[in-house]
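Data block for upload.cif (mmCIF, C-alpha atoms):
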data_protein
#
loop_
_atom_site.label_atom_id
_atom_site.label_comp_id
_atom_site.auth_asym_id
_atom_site.auth_seq_id
_atom_site.Cartn_x
_atom_site.Cartn_y
_atom_site.Cartn_z
CA MET V 1 2.33 -64.74 10.72
CA TRP V 2 5.56 -65.23 12.59
CA VAL V 3 6.09 -67.27 15.75
CA ASP V 4 8.95 -65.88 17.82
CA GLY V 5 11.30 -67.49 20.30
CA ALA V 6 10.83 -70.68 22.25
CA ALA V 7 7.58 -72.13 23.49
CA GLU V 8 7.17 -71.42 27.21
CA LEU V 9 5.99 -74.35 29.32
CA PHE V 10 3.06 -73.08 31.38
CA ALA V 11 3.04 -73.55 35.17
CA PRO V 12 5.02 -76.81 35.37
CA GLY V 13 3.85 -79.01 38.23
CA VAL V 14 0.62 -77.01 38.57
CA ALA V 15 -0.96 -77.02 35.11
CA SER V 16 1.58 -78.95 33.03
CA THR V 17 2.02 -82.32 34.75
CA SER V 18 2.46 -85.99 33.86
CA ALA V 19 -1.25 -86.06 32.90
CA SER V 20 -2.51 -84.76 29.56
CA GLU V 21 -3.54 -81.09 29.80
CA ILE V 22 -5.27 -79.38 26.90
CA ARG V 23 -6.56 -75.97 25.81
CA LEU V 24 -5.29 -73.40 28.25
CA THR V 25 -7.34 -70.18 28.49
CA LEU V 26 -6.29 -67.15 30.54
CA SER V 27 -8.59 -64.47 31.93
CA PRO V 28 -8.10 -60.89 30.65
CA ASP V 29 -6.46 -59.82 33.91
CA GLY V 30 -4.13 -62.84 33.82
CA ALA V 31 -5.24 -63.91 37.30
CA MET V 32 -7.08 -67.12 36.38
CA ALA V 33 -6.12 -70.05 34.17
CA LEU V 34 -8.47 -72.79 32.99
CA TRP V 35 -7.69 -75.91 30.99
CA PHE V 36 -8.97 -79.46 30.77
CA SER V 37 -7.48 -82.88 31.34
CA ARG V 38 -8.75 -86.22 30.15
CA ASP V 39 -6.78 -88.28 32.70
CA ARG V 40 -5.93 -86.12 35.72
CA ARG V 41 -7.13 -87.60 39.00
CA GLY V 42 -9.36 -85.67 41.37
CA GLY V 43 -12.23 -84.49 39.18
CA PRO V 44 -15.79 -85.83 39.03
CA GLY V 45 -15.61 -87.16 35.46
CA GLY V 46 -13.30 -88.66 32.88
CA TYR V 47 -12.72 -85.27 31.27
CA ASP V 48 -12.63 -82.32 33.66
CA ILE V 49 -11.85 -78.61 33.56
CA TRP V 50 -9.24 -77.39 36.04
CA MET V 51 -8.48 -73.96 37.45
CA ALA V 52 -5.52 -72.17 39.02
CA ARG V 53 -5.30 -68.59 40.32
CA ARG V 54 -2.27 -66.33 40.15
CA ARG V 55 -1.34 -64.70 43.45
CA ASP V 56 1.87 -62.78 44.17
CA GLY V 57 3.32 -63.90 40.85
CA ARG V 58 2.75 -67.61 41.45
CA TRP V 59 0.05 -70.05 40.38
CA SER V 60 -1.95 -71.70 43.13
CA ALA V 61 -2.57 -75.44 43.27
CA ALA V 62 -4.99 -76.60 40.58
CA THR V 63 -8.56 -77.54 41.50
CA PRO V 64 -11.52 -78.82 39.44
CA VAL V 65 -14.01 -76.07 38.56
CA SER V 66 -17.41 -76.06 40.23
CA PHE V 67 -19.33 -76.54 36.97
CA ASN V 68 -17.78 -79.91 36.09
CA SER V 69 -20.18 -82.85 35.78
CA PRO V 70 -19.71 -86.64 35.93
CA GLN V 71 -19.64 -86.51 32.10
CA ARG V 72 -17.05 -85.03 29.72
CA ASP V 73 -16.32 -81.34 30.31
CA PHE V 74 -13.62 -79.82 28.14
CA ASP V 75 -12.35 -77.03 25.83
CA PRO V 76 -12.79 -73.98 28.11
CA ALA V 77 -12.43 -70.48 26.67
CA PHE V 78 -12.84 -67.13 28.42
CA SER V 79 -14.65 -64.39 26.55
CA ALA V 80 -12.56 -61.29 25.85
CA ASP V 81 -14.29 -59.34 28.62
CA GLY V 82 -13.86 -62.18 31.12
CA ARG V 83 -17.58 -62.35 31.86
CA TYR V 84 -18.15 -65.86 30.52
CA VAL V 85 -16.41 -69.17 30.02
CA TYR V 86 -17.50 -71.16 26.97
CA PHE V 87 -16.91 -74.91 27.04
CA CYS V 88 -18.09 -78.28 25.73
CA SER V 89 -19.82 -81.16 27.50
CA ASP V 90 -21.85 -84.28 26.81
CA ARG V 91 -23.86 -83.83 30.04
CA PRO V 92 -27.60 -84.59 29.97
CA GLY V 93 -29.84 -81.91 28.50
CA GLY V 94 -27.94 -81.27 25.29
CA LEU V 95 -28.93 -81.99 21.71
CA GLY V 96 -26.62 -84.98 21.33
CA GLY V 97 -22.92 -85.77 21.48
CA ASP V 98 -20.72 -82.94 22.75
CA ASP V 99 -22.50 -79.57 22.91
CA VAL V 100 -21.40 -75.99 23.58
CA TYR V 101 -22.28 -74.33 26.88
CA ARG V 102 -21.34 -71.15 28.67
CA VAL V 103 -21.13 -70.22 32.33
CA PRO V 104 -20.91 -66.71 33.83
CA VAL V 105 -17.88 -65.74 35.90
CA THR V 106 -18.96 -64.27 39.25
CA ASP V 107 -17.26 -62.78 42.29
CA GLU V 108 -17.85 -66.08 44.06
CA GLY V 109 -16.61 -68.25 41.16
CA PHE V 110 -19.07 -69.35 38.49
CA GLY V 111 -22.81 -69.11 37.95
CA ASN V 112 -25.31 -71.43 36.32
CA VAL V 113 -24.41 -73.33 33.15
CA GLU V 114 -26.38 -72.40 30.02
CA PRO V 115 -26.57 -74.49 26.80
CA LEU V 116 -26.25 -72.41 23.64
CA GLY V 117 -29.15 -74.09 21.87
CA ALA V 118 -29.91 -75.27 18.35
CA ALA V 119 -28.33 -72.29 16.58
CA ILE V 120 -24.96 -73.71 17.67
CA ASN V 121 -25.46 -77.28 18.83
CA SER V 122 -26.55 -80.33 16.87
CA ALA V 123 -26.97 -84.07 17.29
CA SER V 124 -23.30 -84.39 16.32
CA ASP V 125 -20.21 -83.20 18.23
CA GLU V 126 -19.21 -79.57 18.72
CA PHE V 127 -15.70 -78.76 19.93
CA ALA V 128 -13.62 -75.77 21.07
CA PRO V 129 -15.93 -72.71 21.19
CA MET V 130 -14.24 -69.31 21.10
CA LEU V 131 -15.98 -65.92 21.06
CA SER V 132 -14.18 -63.39 18.85
CA PRO V 133 -12.28 -60.47 20.42
CA ALA V 134 -15.15 -58.11 19.49
CA GLY V 135 -17.73 -60.57 20.82
CA ASP V 136 -19.57 -60.62 17.50
CA ARG V 137 -18.90 -64.20 16.29
CA LEU V 138 -18.61 -67.62 17.86
CA LEU V 139 -15.99 -69.91 16.31
CA PHE V 140 -16.13 -73.69 16.86
CA SER V 141 -15.91 -77.02 15.05
CA SER V 142 -18.46 -79.73 14.38
CA ASP V 143 -18.70 -83.04 12.54
CA ARG V 144 -22.36 -82.49 11.61
CA THR V 145 -23.60 -83.22 8.11
CA GLY V 146 -23.11 -80.51 5.50
CA GLY V 147 -19.41 -79.92 5.99
CA ALA V 148 -16.44 -80.73 3.77
CA GLY V 149 -15.02 -83.63 5.73
CA GLY V 150 -14.76 -84.83 9.32
CA HIS V 151 -14.76 -81.91 11.74
CA ASP V 152 -15.14 -78.52 10.07
CA LEU V 153 -14.88 -74.96 11.34
CA TYR V 154 -18.08 -72.96 11.82
CA LEU V 155 -18.95 -69.34 12.60
CA ALA V 156 -22.12 -68.04 14.24
CA PRO V 157 -22.73 -64.25 14.16
CA MET V 158 -24.04 -62.43 17.21
CA SER V 159 -27.00 -60.11 16.69
CA ALA V 160 -28.72 -58.12 19.46
CA GLY V 161 -26.91 -60.25 22.03
CA LYS V 162 -28.15 -63.52 20.53
CA LEU V 163 -26.13 -66.04 18.54
CA GLN V 164 -27.52 -66.74 15.07
CA THR V 165 -27.38 -69.98 13.10
CA ALA V 166 -23.85 -71.26 12.56
CA ARG V 167 -22.49 -71.79 9.04
CA PRO V 168 -19.27 -73.41 7.76
CA ILE V 169 -16.50 -70.84 7.31
CA ALA V 170 -16.44 -69.62 3.71
CA GLY V 171 -13.54 -70.58 1.46
CA GLY V 172 -11.18 -73.54 1.41
CA ILE V 173 -10.26 -73.77 5.09
CA ASN V 174 -12.48 -76.83 5.59
CA THR V 175 -11.18 -79.92 3.81
CA VAL V 176 -11.75 -83.68 3.79
CA ALA V 177 -9.48 -83.80 6.86
CA HIS V 178 -10.48 -82.74 10.39
CA GLU V 179 -10.28 -79.01 11.11
CA PHE V 180 -10.91 -78.22 14.77
CA ASP V 181 -9.58 -76.45 17.91
CA ALA V 182 -9.57 -72.97 16.38
CA THR V 183 -8.88 -69.55 17.86
CA PHE V 184 -8.99 -66.02 16.53
CA LEU V 185 -5.84 -63.99 16.97
CA SER V 186 -5.84 -60.39 18.19
CA ASP V 187 -6.97 -58.91 14.85
CA GLY V 188 -10.25 -60.82 15.08
CA ALA V 189 -9.70 -62.21 11.57
CA THR V 190 -6.66 -64.50 11.52
CA ILE V 191 -7.46 -68.01 12.71
CA VAL V 192 -5.05 -70.57 14.14
CA PHE V 193 -6.49 -74.08 14.04
CA ALA V 194 -5.60 -77.77 14.24
CA ARG V 195 -5.76 -80.16 11.30
CA ALA V 196 -5.46 -83.95 11.26
CA GLN V 197 -6.06 -86.36 8.43
CA ASP V 198 -7.11 -89.04 10.91
CA PHE V 199 -7.75 -88.63 14.65
CA ASP V 200 -6.37 -92.08 15.49
CA LYS V 201 -3.24 -92.35 13.33
CA ALA V 202 -2.10 -89.02 11.89
CA ARG V 203 -0.08 -86.31 13.62
CA VAL V 204 -2.01 -83.15 14.48
CA ASP V 205 -0.49 -79.82 13.38
CA LEU V 206 -1.41 -76.17 13.77
CA PHE V 207 -2.20 -73.99 10.77
CA ALA V 208 -3.00 -70.30 10.30
CA ALA V 209 -5.36 -68.68 7.80
CA ALA V 210 -6.61 -65.13 7.20
CA PRO V 211 -9.57 -64.00 5.07
CA HIS V 212 -9.30 -62.54 1.59
CA ALA V 213 -12.52 -60.90 0.41
CA GLY V 214 -14.32 -62.68 3.23
CA ARG V 215 -13.04 -66.16 2.36
CA TYR V 216 -10.34 -68.25 4.02
CA GLY V 217 -7.72 -70.32 2.22
CA THR V 218 -6.64 -73.79 3.27
CA GLY V 219 -4.10 -72.37 5.72
CA THR V 220 -0.34 -72.46 6.20
CA ARG V 221 1.35 -74.90 8.58
CA LEU V 222 3.00 -72.97 11.40
CA PRO V 223 6.76 -73.31 11.95
CA PRO V 224 8.43 -74.40 15.21
CA PRO V 225 7.90 -73.95 18.08
CA ALA V 226 4.16 -74.08 17.33
CA ASN V 227 4.63 -77.45 15.59
CA HIS V 228 7.13 -80.26 15.99
CA ASP V 229 7.78 -83.15 13.62
CA GLU V 230 7.76 -85.64 16.49
CA GLY V 231 4.61 -84.68 18.36
CA ASP V 232 1.05 -83.39 18.15
CA SER V 233 0.11 -79.72 18.53
CA TYR V 234 -3.47 -78.58 19.05
CA GLY V 235 -5.79 -76.68 21.42
CA PRO V 236 -4.65 -73.12 20.52
CA MET V 237 -6.26 -70.22 22.36
CA LEU V 238 -5.56 -66.49 22.29
CA ASP V 239 -4.09 -65.27 25.58
CA TRP V 240 -6.53 -62.51 26.58
CA SER V 241 -4.06 -61.15 29.15
CA GLN V 242 -1.30 -60.73 26.50
CA PRO V 243 -2.97 -60.78 23.07
CA ASP V 244 0.33 -61.06 21.16
CA TRP V 245 0.67 -64.55 22.64
CA PHE V 246 -1.40 -67.68 22.17
CA THR V 247 -1.46 -70.88 24.15
CA LEU V 248 -1.33 -74.41 22.80
CA SER V 249 -1.18 -78.02 23.89
CA ALA V 250 1.67 -80.15 22.63
CA ARG V 251 3.30 -83.51 23.00
CA ARG V 252 7.05 -83.08 22.74
CA PRO V 253 9.86 -85.66 22.94
CA GLY V 254 10.51 -86.60 26.56
CA SER V 255 7.18 -85.29 27.89
CA GLY V 256 4.72 -87.51 29.73
CA GLY V 257 1.70 -86.42 27.72
CA MET V 258 0.13 -83.27 26.37
CA ASP V 259 1.51 -80.18 28.13
CA LEU V 260 0.51 -76.52 28.02
CA TYR V 261 2.66 -73.87 26.33
CA ARG V 262 2.57 -70.18 25.42
CA VAL V 263 4.11 -68.81 22.23
CA HIS V 264 4.63 -65.25 21.02
CA TYR V 265 3.47 -64.31 17.52
CA ARG V 266 3.50 -61.31 15.19
CA LEU V 267 1.01 -60.64 12.44
CA PRO V 268 2.49 -59.39 9.14
CA ALA V 269 2.06 -55.69 8.48
CA ASN V 270 0.24 -56.34 5.21
CA GLY V 271 -2.15 -58.76 6.89
CA VAL V 272 -1.19 -61.60 4.50
CA VAL V 273 -0.79 -64.85 6.40
CA GLU V 274 -0.91 -67.12 3.35
CA ALA V 275 -1.10 -66.82 -0.38
CA PRO V 276 -4.64 -66.10 -1.61
#

Would you write out, as structure tokens, the structure that this file holds?
Amino acid sequence: MWVDGAAELFAPGVASTSASEIRLTLSPDGAMALWFSRDRRGGPGGYDIWMARRRDGRWSAATPVSFNSPQRDFDPAFSADGRYVYFCSDRPGGLGGDDVYRVPVTDEGFGNVEPLGAAINSASDEFAPMLSPAGDRLLFSSDRTGGAGGHDLYLAPMSAGKLQTARPIAGGINTVAHEFDATFLSDGATIVFARAQDFDKARVDLFAAAPHAGRYGTGTRLPPPANHDEGDSYGPMLDWSQPDWFTLSARRPGSGGMDLYRVHYRLPANGVVEAP
């Protein structure tokens, strides 16, 4: 895949601030933006999900979403139809660690939070859920036993409106490193994801991988502006309002923390993102 042009800083002063903002997701109509911050003041917990609405071409002041809890709430992702927001939390009632939840989007705001259950969640941590463009697979990461390394990427198929048991993605995409924060691109096959050798010491970079005969390779590191040699890049998410763009979180020289960006991409005509 190709990444075109410069990375666009998203809503400076509203969404991108001196705090650390991560994993921007945009509604299909482009009128609502959600992201999370681990250190922005004003929410009920240490990690909170924030929201801004677009009116008359401008983003409104950011506010915490109604479904935040006093615990960690993070990694929001709209579904392609805009009916649900998937997210992670370690609130009471889960199976352990960080679990995946979803909440319906209503005319009034948001409905009741629903845990996704044992087909998806485990006693370990689950991060960054993302429902595929066709709504037929849930993509996320977990550090549960049975993977190749630290966090690994998992897929859970949808059947008759119900998510089935998640399995590690087939192929070599999962390694002894951490693979996490993944998103499908508009073709519903190519995946952009974050990889780090060590969460505490190593830089985090974004990679892309596409399936060959149903299996994914280890992935190709994306060029600038998706990555930068002097800062982390993670939290990618397909922009549902403009599916030839994806969002990302990045720490760049001179910034106060993690900020939110949008980048334009093009998929190759032959569908080959990396060598088989």

Ground truth for the PyMOL selection byres ((chain V and resi 237-252) around 8), written as a ChimeraX atom specification: /V:21-30,77,80,182-186,226,228,230-236,253-266

Evaluate the PyMOL selection byres ((chain V and resi 6) around 8) against this structure - the residues, as a list in words, please. Asp4, Gly5, Ala7, Glu8, Pro225 and Val263 of chain V

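Interatomic distance, CA of Pro129 (chain V) against CA of Tyr86 (chain V): 6.2 Å.
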
Quick one: apply the PyMOL selection byres ((chain V and resi 143) around 8) to the file and drop the selected residues here as a count of residues only. 12

Might you pull out every residue within 8 Å of Ile120 (chain V), with only C-alpha atoms counted and same-chain residues fewer than 5 positions away left off, and present them as an mmCIF file with C-alpha atoms, in the coordinates of the input?
data_model
loop_
_atom_site.group_PDB
_atom_site.id
_atom_site.type_symbol
_atom_site.label_atom_id
_atom_site.label_comp_id
_atom_site.auth_asym_id
_atom_site.auth_seq_id
_atom_site.Cartn_x
_atom_site.Cartn_y
_atom_site.Cartn_z
ATOM 1 C CA VAL V 100 -21.400 -75.990 23.580
ATOM 2 C CA ALA V 156 -22.120 -68.040 14.240
ATOM 3 C CA LEU V 163 -26.130 -66.040 18.540
ATOM 4 C CA GLN V 164 -27.520 -66.740 15.070
ATOM 5 C CA THR V 165 -27.380 -69.980 13.100
ATOM 6 C CA ALA V 166 -23.850 -71.260 12.560
#

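Across the model, the gap from CA of Pro76 (chain V) to CA of Asp56 (chain V) is 24.5 Å.
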
List the neighbours of Arg54 (chain V) out to 8 Å using only C-alpha atoms; skip same-chain residues closer than 4 positions along the sequence, and give me the result as a PDB file with C-alpha atoms, keeping the file's coordinate frame.
ATOM      1  CA  GLY V  30      -4.130 -62.840  33.820  1.00  0.00           C
ATOM      2  CA  ALA V  31      -5.240 -63.910  37.300  1.00  0.00           C
ATOM      3  CA  MET V  32      -7.080 -67.120  36.380  1.00  0.00           C
ATOM      4  CA  ARG V  58       2.750 -67.610  41.450  1.00  0.00           C
ATOM      5  CA  TRP V  59       0.050 -70.050  40.380  1.00  0.00           C
ATOM      6  CA  SER V  60      -1.950 -71.700  43.130  1.00  0.00           C
TER       7      SER V  60
END

Rank V:Pro115, V:Gly188, V:Pro268, V:Gly135 by their smallest atom-to-atom distance to Gly96 (chain V), using only C-alpha atoms, and report the top residue only. V:Pro115

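Between Ile169 (chain V) and the candidates V:Leu267, V:Ala209, V:Ala123, V:Ala196, the tightest atom-to-atom separation, counting only C-alpha atoms, involves V:Ala209.
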
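Note that the spacing between CA of Phe207 (chain V) and CA of Arg195 (chain V) amounts to 7.1 Å.
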
Neighbouring residues of Gly117 (chain V) were defined as those with any atom within 9 Å, considering only C-alpha atoms; residues of the same chain fewer than 6 positions away were excluded. Please report them as a PyMOL selection string. chain V and resi 94-95+99-101

Mind working out the centre and edge lengths of an axis-aligned box for region 239-252 of chain V, all listed atoms inside, 8 Å added to each side, rounded to one decimal in Å and written as lines of an AutoDock Vina configuration file?
center_x = 0.3
center_y = -72.1
center_z = 25.2
size_x = 29.6
size_y = 38.8
size_z = 24.0
